[in-house]
>>> print(open('structure_38.txt').read())   # compact mmCIF, C-alpha atoms
# COMPACT_ATOMS: atom_id res chain seq x y z
CA MET A 1 164.96 42.30 17.46
CA ILE A 2 163.79 45.12 15.21
CA ASP A 3 166.34 47.77 14.31
CA THR A 4 164.02 50.77 14.26
CA LYS A 5 166.55 53.60 14.03
CA ASP A 6 166.02 54.19 10.32
CA SER A 7 162.24 54.11 10.68
CA THR A 8 162.19 56.44 13.68
CA ASP A 9 164.53 58.80 11.84
CA ARG A 10 162.11 58.88 8.89
CA TYR A 11 159.24 59.88 11.17
CA GLN A 12 161.41 62.47 12.91
CA ALA A 13 162.18 64.04 9.52
CA SER A 14 158.49 64.03 8.58
CA PHE A 15 157.67 65.78 11.84
CA GLN A 16 160.31 68.46 11.34
CA GLN A 17 158.89 69.23 7.90
CA ARG A 18 155.45 69.83 9.41
CA GLU A 19 156.43 72.01 12.39
CA THR A 20 156.56 75.30 10.46
CA ALA A 21 153.27 74.65 8.69
CA LEU A 22 151.53 73.86 11.97
CA SER A 23 152.68 77.13 13.54
CA ALA A 24 151.47 79.07 10.49
CA ALA A 25 148.06 77.38 10.78
CA GLY A 26 147.54 78.72 14.31
CA GLN A 27 148.44 75.49 16.07
CA ALA A 28 151.54 76.67 17.91
CA TRP A 29 149.68 76.03 21.20
CA PHE A 30 149.81 72.27 20.53
CA LEU A 31 153.39 72.10 19.28
CA PRO A 32 154.96 71.35 22.72
CA THR A 33 152.71 68.30 23.05
CA ARG A 34 153.61 67.16 19.53
CA GLN A 35 157.30 67.65 20.25
CA ALA A 36 157.08 65.71 23.52
CA ALA A 37 155.26 62.88 21.73
CA MET A 38 157.83 62.76 18.94
CA SER A 39 160.64 62.68 21.46
CA ARG A 40 158.94 59.87 23.34
CA PHE A 41 158.43 57.90 20.13
CA GLY A 42 162.15 58.23 19.44
CA GLU A 43 162.89 56.81 22.90
CA LEU A 44 160.40 53.95 22.66
CA GLY A 45 160.87 52.92 19.05
CA PHE A 46 158.52 50.33 17.63
CA PRO A 47 157.57 47.59 20.11
CA THR A 48 158.80 44.05 19.60
CA THR A 49 157.39 40.70 20.66
CA ARG A 50 159.66 40.94 23.70
CA HIS A 51 157.28 43.56 25.07
CA GLU A 52 154.54 41.85 27.07
CA GLU A 53 151.80 43.99 25.53
CA TRP A 54 152.93 42.99 22.02
CA GLN A 55 154.10 39.42 22.52
CA HIS A 56 151.53 38.02 20.08
CA THR A 57 151.87 40.70 17.38
CA SER A 58 154.99 41.55 15.41
CA VAL A 59 154.98 45.05 13.91
CA ALA A 60 158.27 44.43 12.08
CA PRO A 61 156.58 44.85 8.66
CA ILE A 62 155.42 48.34 9.71
CA ALA A 63 158.83 49.29 11.08
CA ARG A 64 160.65 48.11 7.96
CA THR A 65 158.42 49.86 5.42
CA ALA A 66 159.29 53.40 4.30
CA PHE A 67 155.79 54.88 4.56
CA GLN A 68 155.33 58.38 3.15
CA HIS A 69 153.17 60.93 4.95
CA ALA A 70 149.80 61.24 3.18
CA ALA A 71 149.89 64.80 1.89
CA GLY A 72 146.25 65.51 1.08
CA VAL A 73 142.86 64.42 -0.18
CA ASP A 74 142.82 62.15 -3.22
CA ALA A 75 140.40 63.65 -5.73
CA ALA A 76 139.75 60.21 -7.21
CA VAL A 77 137.24 59.41 -4.45
CA SER A 78 133.74 60.07 -5.73
CA PRO A 79 130.34 60.60 -4.07
CA ALA A 80 129.43 57.15 -5.42
CA ASP A 81 132.36 55.67 -3.46
CA VAL A 82 131.14 57.40 -0.32
CA GLN A 83 127.60 56.16 -0.84
CA ARG A 84 128.86 52.59 -1.22
CA LEU A 85 130.95 52.71 1.95
CA ALA A 86 128.79 54.96 4.14
CA LEU A 87 126.30 53.95 6.80
CA PRO A 88 122.95 53.09 5.18
CA GLY A 89 119.96 55.01 6.43
CA GLY A 90 119.84 58.50 7.86
CA THR A 91 122.57 60.25 9.84
CA SER A 92 122.70 63.50 11.76
CA ALA A 93 126.00 64.30 10.08
CA ARG A 94 128.63 62.55 7.99
CA LEU A 95 132.26 63.61 8.00
CA VAL A 96 134.38 62.05 5.26
CA PHE A 97 138.16 61.92 5.41
CA VAL A 98 140.34 60.78 2.52
CA ASN A 99 143.83 59.59 3.43
CA GLY A 100 143.36 61.20 6.83
CA TRP A 101 142.24 64.65 5.59
CA TYR A 102 138.78 66.19 5.79
CA ALA A 103 136.92 66.25 2.45
CA PRO A 104 134.17 68.91 2.63
CA ARG A 105 132.85 68.12 -0.87
CA LEU A 106 132.09 64.54 0.23
CA SER A 107 130.75 65.37 3.70
CA ASP A 108 127.28 66.32 4.92
CA LEU A 109 126.93 68.24 8.18
CA GLY A 110 123.20 67.59 8.17
CA ASP A 111 120.75 69.06 10.65
CA LEU A 112 122.17 69.02 14.16
CA PRO A 113 120.60 70.16 17.45
CA ALA A 114 121.50 73.63 18.70
CA GLY A 115 124.98 73.84 20.17
CA VAL A 116 126.24 70.56 18.73
CA ARG A 117 129.52 70.95 16.87
CA VAL A 118 130.74 68.44 14.31
CA GLY A 119 133.65 69.17 12.02
CA SER A 120 137.34 68.95 11.20
CA LEU A 121 139.65 68.64 14.20
CA ASP A 122 142.48 70.28 12.26
CA GLU A 123 140.38 73.35 11.41
CA THR A 124 139.08 73.64 14.98
CA ALA A 125 142.64 73.48 16.35
CA GLY A 126 143.43 76.65 14.42
CA ARG A 127 140.16 78.52 15.15
CA ASP A 128 139.09 77.43 18.63
CA PRO A 129 141.92 75.92 20.67
CA ALA A 130 140.08 76.69 23.93
CA LEU A 131 137.60 73.90 23.18
CA LEU A 132 140.33 71.34 22.48
CA GLU A 133 143.14 72.21 24.85
CA PRO A 134 141.65 70.70 28.05
CA HIS A 135 141.12 67.33 26.35
CA LEU A 136 143.18 66.75 23.21
CA ALA A 137 145.95 64.23 24.00
CA ARG A 138 145.04 64.42 27.71
CA HIS A 139 143.39 60.99 27.84
CA ALA A 140 145.19 58.76 25.32
CA ALA A 141 148.60 58.67 26.99
CA PHE A 142 151.69 58.29 24.83
CA ASP A 143 154.25 57.66 27.59
CA ASP A 144 154.28 53.90 27.03
CA HIS A 145 152.54 53.46 23.67
CA ALA A 146 154.69 54.11 20.61
CA PHE A 147 151.79 54.23 18.15
CA VAL A 148 149.81 56.76 20.23
CA ALA A 149 152.99 58.83 20.51
CA LEU A 150 153.44 58.69 16.74
CA ASN A 151 149.83 59.72 16.14
CA THR A 152 150.04 62.58 18.66
CA ALA A 153 153.16 63.93 16.96
CA LEU A 154 151.97 63.53 13.37
CA MET A 155 148.17 63.70 13.68
CA GLN A 156 146.72 65.09 10.47
CA ASP A 157 143.00 65.64 10.77
CA GLY A 158 139.96 63.84 12.09
CA GLY A 159 136.58 64.41 13.60
CA LEU A 160 135.56 66.73 16.39
CA VAL A 161 132.20 65.94 17.95
CA TYR A 162 130.98 68.18 20.77
CA VAL A 163 127.57 67.65 22.37
CA PRO A 164 126.56 70.29 24.95
CA ARG A 165 124.71 69.66 28.18
CA HIS A 166 121.12 68.32 28.05
CA THR A 167 121.26 67.47 24.34
CA VAL A 168 120.23 64.30 22.54
CA VAL A 169 121.52 63.68 19.01
CA GLU A 170 118.82 61.40 17.66
CA ARG A 171 120.56 59.95 14.60
CA PRO A 172 124.14 58.66 14.35
CA VAL A 173 127.12 60.86 13.58
CA GLU A 174 129.33 59.13 11.03
CA LEU A 175 133.10 59.45 10.70
CA LEU A 176 134.10 57.78 7.42
CA PHE A 177 137.82 57.36 6.75
CA ILE A 178 138.65 56.29 3.19
CA ALA A 179 142.14 55.23 2.16
CA THR A 180 143.30 55.22 -1.45
CA PRO A 181 146.37 52.98 -1.80
CA GLY A 182 148.83 54.58 -4.20
CA ALA A 183 152.04 53.68 -5.96
CA GLU A 184 154.05 54.21 -2.75
CA PRO A 185 153.25 53.09 0.80
CA ARG A 186 151.40 55.82 2.74
CA ALA A 187 151.09 56.54 6.45
CA ILE A 188 147.83 58.00 7.78
CA HIS A 189 147.41 59.36 11.32
CA PRO A 190 143.77 60.41 11.97
CA ARG A 191 142.70 61.80 15.34
CA ASN A 192 139.16 62.04 16.71
CA LEU A 193 137.95 63.88 19.80
CA VAL A 194 134.44 63.29 21.16
CA LEU A 195 133.23 65.50 24.01
CA VAL A 196 129.81 64.71 25.48
CA ASP A 197 128.62 66.98 28.29
CA ALA A 198 126.40 65.96 31.19
CA ASP A 199 122.92 64.52 30.54
CA SER A 200 123.54 64.18 26.80
CA GLN A 201 123.47 61.35 24.30
CA VAL A 202 125.15 60.57 20.97
CA THR A 203 125.88 57.60 18.72
CA LEU A 204 129.00 57.49 16.53
CA VAL A 205 129.97 55.21 13.68
CA GLU A 206 133.69 55.25 12.81
CA THR A 207 134.52 53.34 9.63
CA HIS A 208 137.95 52.72 8.11
CA ALA A 209 137.67 51.43 4.55
CA THR A 210 139.18 51.67 1.09
CA VAL A 211 137.91 52.11 -2.44
CA THR A 212 140.23 49.34 -3.73
CA PRO A 213 140.16 46.43 -1.25
CA GLY A 214 142.60 44.20 -3.13
CA ASP A 215 144.79 46.65 -5.05
CA GLY A 216 147.56 49.19 -4.50
CA ALA A 217 150.58 49.40 -2.26
CA ALA A 218 150.43 48.74 1.45
CA TYR A 219 149.39 51.63 3.68
CA PHE A 220 149.60 52.18 7.42
CA ASN A 221 146.56 53.59 9.23
CA ASN A 222 147.20 54.69 12.82
CA PRO A 223 143.98 56.28 14.19
CA VAL A 224 143.38 57.46 17.77
CA THR A 225 139.95 58.34 19.17
CA GLU A 226 139.42 60.00 22.56
CA ILE A 227 135.93 59.98 24.11
CA VAL A 228 135.02 62.01 27.20
CA ALA A 229 131.63 61.04 28.65
CA GLY A 230 130.23 63.55 31.15
CA ASP A 231 127.90 62.87 34.08
CA ASN A 232 124.80 60.84 33.13
CA SER A 233 125.75 60.83 29.45
CA VAL A 234 125.14 57.97 27.04
CA VAL A 235 127.65 57.29 24.24
CA ASP A 236 127.54 54.46 21.71
CA HIS A 237 130.62 54.05 19.52
CA TYR A 238 130.91 51.64 16.59
CA LYS A 239 134.16 51.02 14.78
CA VAL A 240 134.28 49.02 11.54
CA VAL A 241 137.67 48.05 10.06
CA ARG A 242 137.43 47.15 6.35
CA GLU A 243 140.93 48.06 5.20
CA ALA A 244 142.63 46.93 1.99
CA ALA A 245 144.12 43.44 1.88
CA ALA A 246 147.69 44.76 2.26
CA ALA A 247 146.92 47.45 4.87
CA PHE A 248 148.23 47.76 8.42
CA HIS A 249 145.79 49.16 10.98
CA VAL A 250 146.84 50.03 14.54
CA GLY A 251 144.00 51.87 16.26
CA THR A 252 143.47 53.17 19.79
CA LEU A 253 140.19 54.07 21.49
CA GLN A 254 140.48 55.84 24.85
CA VAL A 255 137.34 56.41 26.93
CA HIS A 256 137.14 58.59 30.05
CA GLN A 257 133.86 58.24 31.97
CA PHE A 258 132.36 60.36 34.71
CA ARG A 259 129.50 59.84 37.17
CA SER A 260 126.71 57.50 36.02
CA SER A 261 127.80 57.67 32.39
CA ASN A 262 127.08 54.78 30.05
CA VAL A 263 129.46 53.97 27.18
CA SER A 264 129.20 51.08 24.74
CA ALA A 265 131.92 50.42 22.18
CA HIS A 266 131.77 47.87 19.36
CA VAL A 267 134.59 46.96 17.00
CA VAL A 268 134.22 44.73 13.94
CA SER A 269 137.39 43.81 12.03
CA ALA A 270 137.25 42.13 8.61
CA GLY A 271 140.01 43.71 6.49
CA GLY A 272 143.73 44.39 6.59
CA THR A 273 146.73 42.11 6.76
CA LEU A 274 147.58 43.19 10.34
CA VAL A 275 145.04 44.83 12.65
CA ARG A 276 145.55 45.86 16.25
CA ASN A 277 142.69 47.39 18.26
CA ASP A 278 143.61 48.93 21.62
CA ILE A 279 140.52 49.81 23.65
CA ASN A 280 141.00 51.46 27.03
CA ALA A 281 138.32 52.74 29.41
CA LEU A 282 138.67 54.59 32.71
CA LEU A 283 135.60 54.58 34.98
CA ASP A 284 136.55 57.67 36.95
CA ASP A 285 133.41 58.32 39.01
CA GLU A 286 130.65 56.36 40.71
CA GLY A 287 127.86 54.59 38.89
CA GLY A 288 129.52 54.29 35.49
CA GLU A 289 128.81 51.49 33.04
CA CYS A 290 131.10 50.38 30.20
CA ASN A 291 130.30 47.69 27.62
CA LEU A 292 132.87 46.53 25.06
CA TYR A 293 131.91 44.21 22.21
CA GLY A 294 134.01 42.85 19.38
CA LEU A 295 133.93 40.53 16.39
CA TYR A 296 136.65 39.68 13.90
CA LEU A 297 136.39 37.55 10.76
CA ILE A 298 139.71 36.68 9.16
CA GLY A 299 141.33 34.16 6.84
CA GLY A 300 144.43 33.65 4.73
CA GLU A 301 147.44 35.13 6.51
CA GLN A 302 145.51 37.88 8.33
CA HIS A 303 146.34 38.81 11.91
CA VAL A 304 144.02 40.61 14.35
CA ASP A 305 144.94 41.54 17.93
CA ASN A 306 142.31 42.98 20.29
CA HIS A 307 143.86 44.49 23.40
CA LEU A 308 141.48 45.75 26.11
CA ARG A 309 142.03 47.48 29.42
CA VAL A 310 139.16 48.60 31.69
CA GLU A 311 140.08 50.46 34.86
CA HIS A 312 137.58 50.68 37.70
CA ALA A 313 138.84 53.65 39.69
CA ARG A 314 135.63 54.42 41.65
CA PRO A 315 132.95 52.33 43.40
CA HIS A 316 129.61 51.05 42.05
CA CYS A 317 130.67 50.70 38.42
CA ASP A 318 129.90 47.89 35.97
CA SER A 319 131.77 46.67 32.90
CA ARG A 320 131.22 43.93 30.31
CA GLU A 321 133.62 42.66 27.65
CA PHE A 322 132.35 40.24 25.00
CA PHE A 323 134.61 39.43 22.02
CA LYS A 324 134.35 36.74 19.38
CA GLY A 325 136.59 35.65 16.53
CA VAL A 326 136.14 33.45 13.46
CA LEU A 327 139.41 32.33 11.85
CA ASP A 328 140.10 30.40 8.66
CA GLY A 329 143.20 29.57 6.63
CA ARG A 330 146.43 30.42 8.43
CA ALA A 331 144.94 33.42 10.19
CA ARG A 332 146.04 34.31 13.68
CA GLY A 333 144.09 36.11 16.38
CA ALA A 334 145.05 37.46 19.79
CA PHE A 335 142.95 38.73 22.68
CA THR A 336 144.18 40.35 25.85
CA GLY A 337 141.51 41.62 28.21
CA ARG A 338 142.61 43.24 31.43
CA ILE A 339 140.22 44.42 34.15
CA VAL A 340 141.90 46.53 36.83
CA VAL A 341 139.97 47.22 40.05
CA HIS A 342 141.56 49.95 42.14
CA PRO A 343 141.47 49.92 45.97
CA ASP A 344 138.65 52.50 46.12
CA ALA A 345 136.50 50.71 43.55
CA GLN A 346 134.31 48.70 45.93
CA LYS A 347 131.06 47.16 44.60
CA THR A 348 132.62 46.68 41.16
CA ASP A 349 130.78 44.26 38.86
CA ALA A 350 132.92 43.20 35.89
CA LYS A 351 132.56 40.33 33.44
CA GLN A 352 134.74 39.32 30.51
CA SER A 353 134.27 36.67 27.82
CA ASN A 354 136.33 35.74 24.76
CA MET A 355 135.24 33.01 22.33
CA SER A 356 137.04 31.91 19.17
CA LEU A 357 135.97 29.56 16.40
CA LEU A 358 138.70 27.92 14.30
CA LEU A 359 137.63 26.81 10.83
CA SER A 360 141.06 25.50 9.83
CA PRO A 361 143.66 23.33 11.57
CA HIS A 362 146.23 26.00 10.68
CA ALA A 363 144.41 28.93 12.32
CA GLN A 364 145.61 30.00 15.76
CA VAL A 365 144.36 32.13 18.65
CA ASP A 366 146.14 33.38 21.76
CA SER A 367 143.70 34.41 24.51
CA LYS A 368 144.77 36.07 27.74
CA PRO A 369 141.98 37.26 30.06
CA GLN A 370 143.32 39.02 33.16
CA LEU A 371 141.97 40.36 36.45
CA GLU A 372 143.93 42.71 38.72
CA ILE A 373 141.81 43.26 41.82
CA PHE A 374 142.89 45.51 44.70
CA ALA A 375 139.46 45.77 46.41
CA ASP A 376 137.67 43.11 48.46
CA ASP A 377 133.96 43.72 47.77
CA VAL A 378 133.67 43.00 44.04
CA LYS A 379 132.13 40.59 41.55
CA CYS A 380 134.57 39.85 38.71
CA THR A 381 134.61 36.92 36.29
CA HIS A 382 136.42 36.05 33.07
CA GLY A 383 136.50 33.19 30.64
CA ALA A 384 137.86 32.12 27.26
CA THR A 385 136.98 29.31 24.86
CA ILE A 386 138.68 28.20 21.64
CA GLY A 387 137.15 25.46 19.56
CA GLN A 388 135.86 24.12 16.27
CA ILE A 389 132.38 23.55 14.86
CA ASP A 390 130.38 21.02 16.86
CA ASP A 391 130.07 17.77 14.87
CA GLU A 392 126.82 16.90 16.64
CA ALA A 393 125.26 20.17 15.53
CA ILE A 394 126.38 19.47 11.95
CA PHE A 395 124.78 16.01 12.16
CA TYR A 396 121.53 17.49 13.53
CA LEU A 397 121.23 19.92 10.60
CA ARG A 398 122.19 17.34 8.00
CA ALA A 399 119.52 15.02 9.36
CA ARG A 400 117.01 17.71 8.40
CA GLY A 401 118.09 17.84 4.79
CA ILE A 402 120.66 20.65 4.97
CA GLY A 403 123.93 20.02 3.13
CA GLU A 404 127.17 19.89 5.10
CA ALA A 405 128.63 23.14 3.71
CA ALA A 406 125.40 25.07 4.32
CA ALA A 407 125.11 23.55 7.81
CA ARG A 408 128.62 24.74 8.65
CA SER A 409 127.83 28.23 7.41
CA LEU A 410 124.61 28.35 9.44
CA LEU A 411 126.49 27.49 12.61
CA ILE A 412 129.26 29.97 11.90
CA GLN A 413 126.71 32.70 11.21
CA ALA A 414 124.88 31.95 14.46
CA PHE A 415 128.17 32.11 16.36
CA ALA A 416 129.17 35.46 14.82
CA ARG A 417 125.75 37.13 15.00
CA GLU A 418 125.67 36.82 18.78
CA ALA A 419 128.45 39.40 18.94
CA LEU A 420 126.31 41.79 16.84
CA ALA A 421 123.18 41.50 18.98
CA GLY A 422 124.07 44.68 20.88
CA VAL A 423 124.30 46.83 17.71
CA ARG A 424 121.42 49.27 18.16
CA ILE A 425 121.53 50.81 14.67
CA GLU A 426 119.44 48.47 12.57
CA PRO A 427 120.90 49.42 9.14
CA LEU A 428 124.41 48.97 10.51
CA ARG A 429 123.56 45.64 12.08
CA ARG A 430 122.11 44.42 8.77
CA ARG A 431 125.24 45.52 6.91
CA LEU A 432 127.49 43.77 9.42
CA GLU A 433 125.41 40.61 9.17
CA GLU A 434 125.79 40.78 5.38
CA LEU A 435 129.55 41.15 5.90
CA VAL A 436 129.53 38.04 8.07
CA LEU A 437 127.57 36.15 5.43
CA ALA A 438 129.91 37.23 2.63
CA ARG A 439 132.93 35.97 4.56
CA LEU A 440 131.47 32.53 5.22
CA PRO A 441 132.50 29.45 3.22
CA GLU A 442 129.79 28.36 0.80
CA ALA A 443 127.78 31.54 1.47
CA ASN A 444 125.78 31.00 -1.72
CA LEU A 445 124.54 27.65 -0.42
CA LEU A 446 123.48 29.30 2.83
CA GLN A 447 121.46 31.91 0.94
CA GLU A 448 119.73 29.15 -1.03
CA THR A 449 118.90 27.33 2.20
CA ALA A 450 117.49 30.52 3.76
>>> encode(input="structure_38.txt", output="structure tokens")
Amino acid sequence: MIDTKDSTDRYQASFQQRETALSAAGQAWFLPTRQAAMSRFGELGFPTTRHEEWQHTSVAPIARTAFQHAAGVDAAVSPADVQRLALPGGTSARLVFVNGWYAPRLSDLGDLPAGVRVGSLDETAGRDPALLEPHLARHAAFDDHAFVALNTALMQDGGLVYVPRHTVVERPVELLFIATPGAEPRAIHPRNLVLVDADSQVTLVETHATVTPGDGAAYFNNPVTEIVAGDNSVVDHYKVVREAAAAFHVGTLQVHQFRSSNVSAHVVSAGGTLVRNDINALLDDEGGECNLYGLYLIGGEQHVDNHLRVEHARPHCDSREFFKGVLDGRARGAFTGRIVVHPDAQKTDAKQSNMSLLLSPHAQVDSKPQLEIFADDVKCTHGATIGQIDDEAIFYLRARGIGEAAARSLLIQAFAREALAGVRIEPLRRRLEELVLARLPEANLLQETA
């Protein structure tokens, strides 16, 4: 059992210090929501493994650590750092955040179509609350999620993306979050809000990375992203987690879809000591389609938990979940995928698949696919596989002159790349494939073979 009183008291004190500043910045309209979220966090405390939703992931290291609120942008981050971490190729706009705060000198708002708004959520909250108030913290509920409650109370800054009706944003919009581990543990609480009106289209790339992957004190990154997809809209969202080796990352993506909207979300996790990705989608009108893809590559003592929930609330909607994991060392993975079909959601078509590849006898995966069906005219399937590299496939490659280590890497790469097939941004897909290759054992032998 985690005694979280001291940790919740620390966050309460941090919140009280910020209340006055938020009112002075023109954000008094949002204070009641922040206060309610802080109060709820105090009631919930940090979850333990006794909670069903967290039974495979202990957040005790987060609860025990005295994280300090990240106060502002670290000037040590350079344009060269941004260039190294940013999405290769062209973007419509790039927003850069350092330790959770918007960094204008490192950002590029680019050339956007008329009416599209991309910028700092914190600044917009002070200047134009009418745009945010109907949606901010209305979709990612904090009643039963301590980390969403904590983010809602202490949210610093993040990206606002607004796409008006009948607008197509041709090139991706990038949200780049850079952490700079310091001498003391830091807590970062970014918040993103994406509003896409009817008959519009946008692609977003959300990256969480660091300039010093193996150095510095632990930090805690607790981002929340809310996406509202209007009628007939198309939204592609990519999230890449490349945190520092000692970092904790607990992220939530909440999607709310309306009639005939199409949303695809991809998450690739390769960094951090403990990573939890909560992905929730609500298909709230007829004809919606939701596709969720994931890949994680971990080793050592890393832990990644992907927790999905797709709710079919209306008829004639489709959803697909396809997640893969590659684990080495003493790494541990967890997958929980829940598809909920409400009574009115007839003609639902939902499929879920989770596959894990264990490269070490010490690696472990817990997989829990779930279906909750309250309608009778549906097509729903789920499946999970956990295994090791096929010895026959190794033998086949070795018989053709490929060494054992390179043969293993080829098979691992083929397994992982399948999860990246749906990445529609070619430069991003190439970078992710390079990330896969770099994480493979004997990667240099594989490159020689290629």
>>> closest_atom_pairs(input="structure_38.txt", of="segment 146-209 of chain A", to="segment 80-92 of chain A", cutoff="9 Å", atoms="all atoms listed in the file", output="Markdown table")
| residue | atom | partner | partner_atom | distance |
| --- | --- | --- | --- | --- |
| A:Val169 | CA | A:Ser92 | CA | 7.3 |
| A:Glu170 | CA | A:Ser92 | CA | 7.4 |
| A:Arg171 | CA | A:Ser92 | CA | 5.0 |
| A:Pro172 | CA | A:Thr91 | CA | 5.0 |
| A:Val173 | CA | A:Ser92 | CA | 5.5 |
| A:Glu174 | CA | A:Thr91 | CA | 7.0 |
| A:Leu176 | CA | A:Ala86 | CA | 6.8 |
| A:Ile178 | CA | A:Val82 | CA | 8.4 |
| A:Val205 | CA | A:Leu87 | CA | 7.9 |
| A:Thr207 | CA | A:Ala86 | CA | 8.1 |
| A:Ala209 | CA | A:Leu85 | CA | 7.3 |
>>> closest_residue(input="structure_38.txt", among="A:Met38, A:Leu154, A:Ala363, A:Val228", to="Pro134 of chain A", atoms="all atoms listed in the file")
A:Val228
>>> residues_around(input="structure_38.txt", residues="His208 of chain A", least_positions_apart="6", cutoff="8 Å", atoms="all atoms listed in the file", output="JSON, numbers by chain")
{"A": [176, 177, 178, 179, 239, 240, 241, 242, 243]}
>>> closest_residue(input="structure_38.txt", among="A:Asp278, A:Asp328, A:Glu286, A:Asp199", to="Gln302 of chain A", atoms="all atoms listed in the file")
A:Asp328
>>> closest_residue(input="structure_38.txt", among="A:His312, A:Arg94, A:His307, A:Arg417", to="Glu434 of chain A", atoms="only C-alpha atoms")
A:Arg417
>>> residues_around(input="structure_38.txt", residues="segment 40-55 of chain A", least_positions_apart="6", cutoff="10 Å", atoms="all atoms listed in the file", output="PyMOL selection string")
chain A and resi 1-5+7-9+11-12+34+62-63+142-153+276+305+307+334+336
>>> atom_distance(input="structure_38.txt", atom1="atom CA of Thr252 of chain A", atom2="atom CA of Asp349 of chain A")
24.6 Å
>>> atom_distance(input="structure_38.txt", atom1="atom CA of Arg424 of chain A", atom2="atom CA of Ala137 of chain A")
29.3 Å
>>> residues_around(input="structure_38.txt", residues="Tyr219 of chain A", least_positions_apart="2", cutoff="7 Å", atoms="all atoms listed in the file", output="PyMOL selection string")
chain A and resi 181+185-187+217+221+247-248
>>> atom_distance(input="structure_38.txt", atom1="atom CA of Pro129 of chain A", atom2="atom CA of Phe30 of chain A")
8.7 Å
>>> decode(input="structure_38.txt", residues="segment 166-182 of chain A", atoms="N, CA and C atoms", output="CSV table (one decimal), in the first residue's frame")
chain,number,residue,atom,x,y,z
A,166,HIS,N,-14.4,22.9,-43.2
A,166,HIS,CA,-14.0,22.8,-44.7
A,166,HIS,C,-12.5,23.2,-44.9
A,167,THR,N,-11.6,22.8,-44.0
A,167,THR,CA,-10.2,23.2,-44.1
A,167,THR,C,-9.4,21.9,-44.1
A,168,VAL,N,-8.4,21.8,-45.0
A,168,VAL,CA,-7.4,20.7,-45.0
A,168,VAL,C,-6.0,21.3,-44.7
A,169,VAL,N,-5.4,20.8,-43.7
A,169,VAL,CA,-4.0,21.2,-43.4
A,169,VAL,C,-3.1,20.2,-44.0
A,170,GLU,N,-2.5,20.5,-45.1
A,170,GLU,CA,-1.8,19.6,-45.9
A,170,GLU,C,-0.6,18.9,-45.2
A,171,ARG,N,0.2,19.7,-44.5
A,171,ARG,CA,1.4,19.1,-43.9
A,171,ARG,C,1.2,19.0,-42.4
A,172,PRO,N,1.9,18.1,-41.7
A,172,PRO,CA,1.7,17.8,-40.3
A,172,PRO,C,1.9,19.1,-39.4
A,173,VAL,N,1.2,19.1,-38.3
A,173,VAL,CA,1.4,20.1,-37.2
A,173,VAL,C,2.2,19.3,-36.1
A,174,GLU,N,3.3,19.9,-35.7
A,174,GLU,CA,4.2,19.2,-34.8
A,174,GLU,C,4.1,19.8,-33.4
A,175,LEU,N,4.0,19.0,-32.4
A,175,LEU,CA,4.0,19.4,-31.0
A,175,LEU,C,5.2,18.7,-30.4
A,176,LEU,N,6.3,19.4,-30.2
A,176,LEU,CA,7.6,18.9,-29.7
A,176,LEU,C,7.8,19.3,-28.2
A,177,PHE,N,7.8,18.3,-27.3
A,177,PHE,CA,8.0,18.5,-25.9
A,177,PHE,C,9.4,18.0,-25.5
A,178,ILE,N,10.2,18.9,-25.1
A,178,ILE,CA,11.6,18.6,-24.7
A,178,ILE,C,11.8,18.8,-23.2
A,179,ALA,N,12.3,17.7,-22.6
A,179,ALA,CA,12.6,17.8,-21.1
A,179,ALA,C,14.1,17.9,-20.9
A,180,THR,N,14.4,18.7,-20.0
A,180,THR,CA,15.9,18.9,-19.6
A,180,THR,C,16.1,18.5,-18.2
A,181,PRO,N,16.4,17.2,-17.9
A,181,PRO,CA,16.6,16.8,-16.5
A,181,PRO,C,17.6,17.7,-15.8
A,182,GLY,N,17.3,18.1,-14.6
A,182,GLY,CA,18.1,19.0,-13.8
A,182,GLY,C,18.7,18.3,-12.6
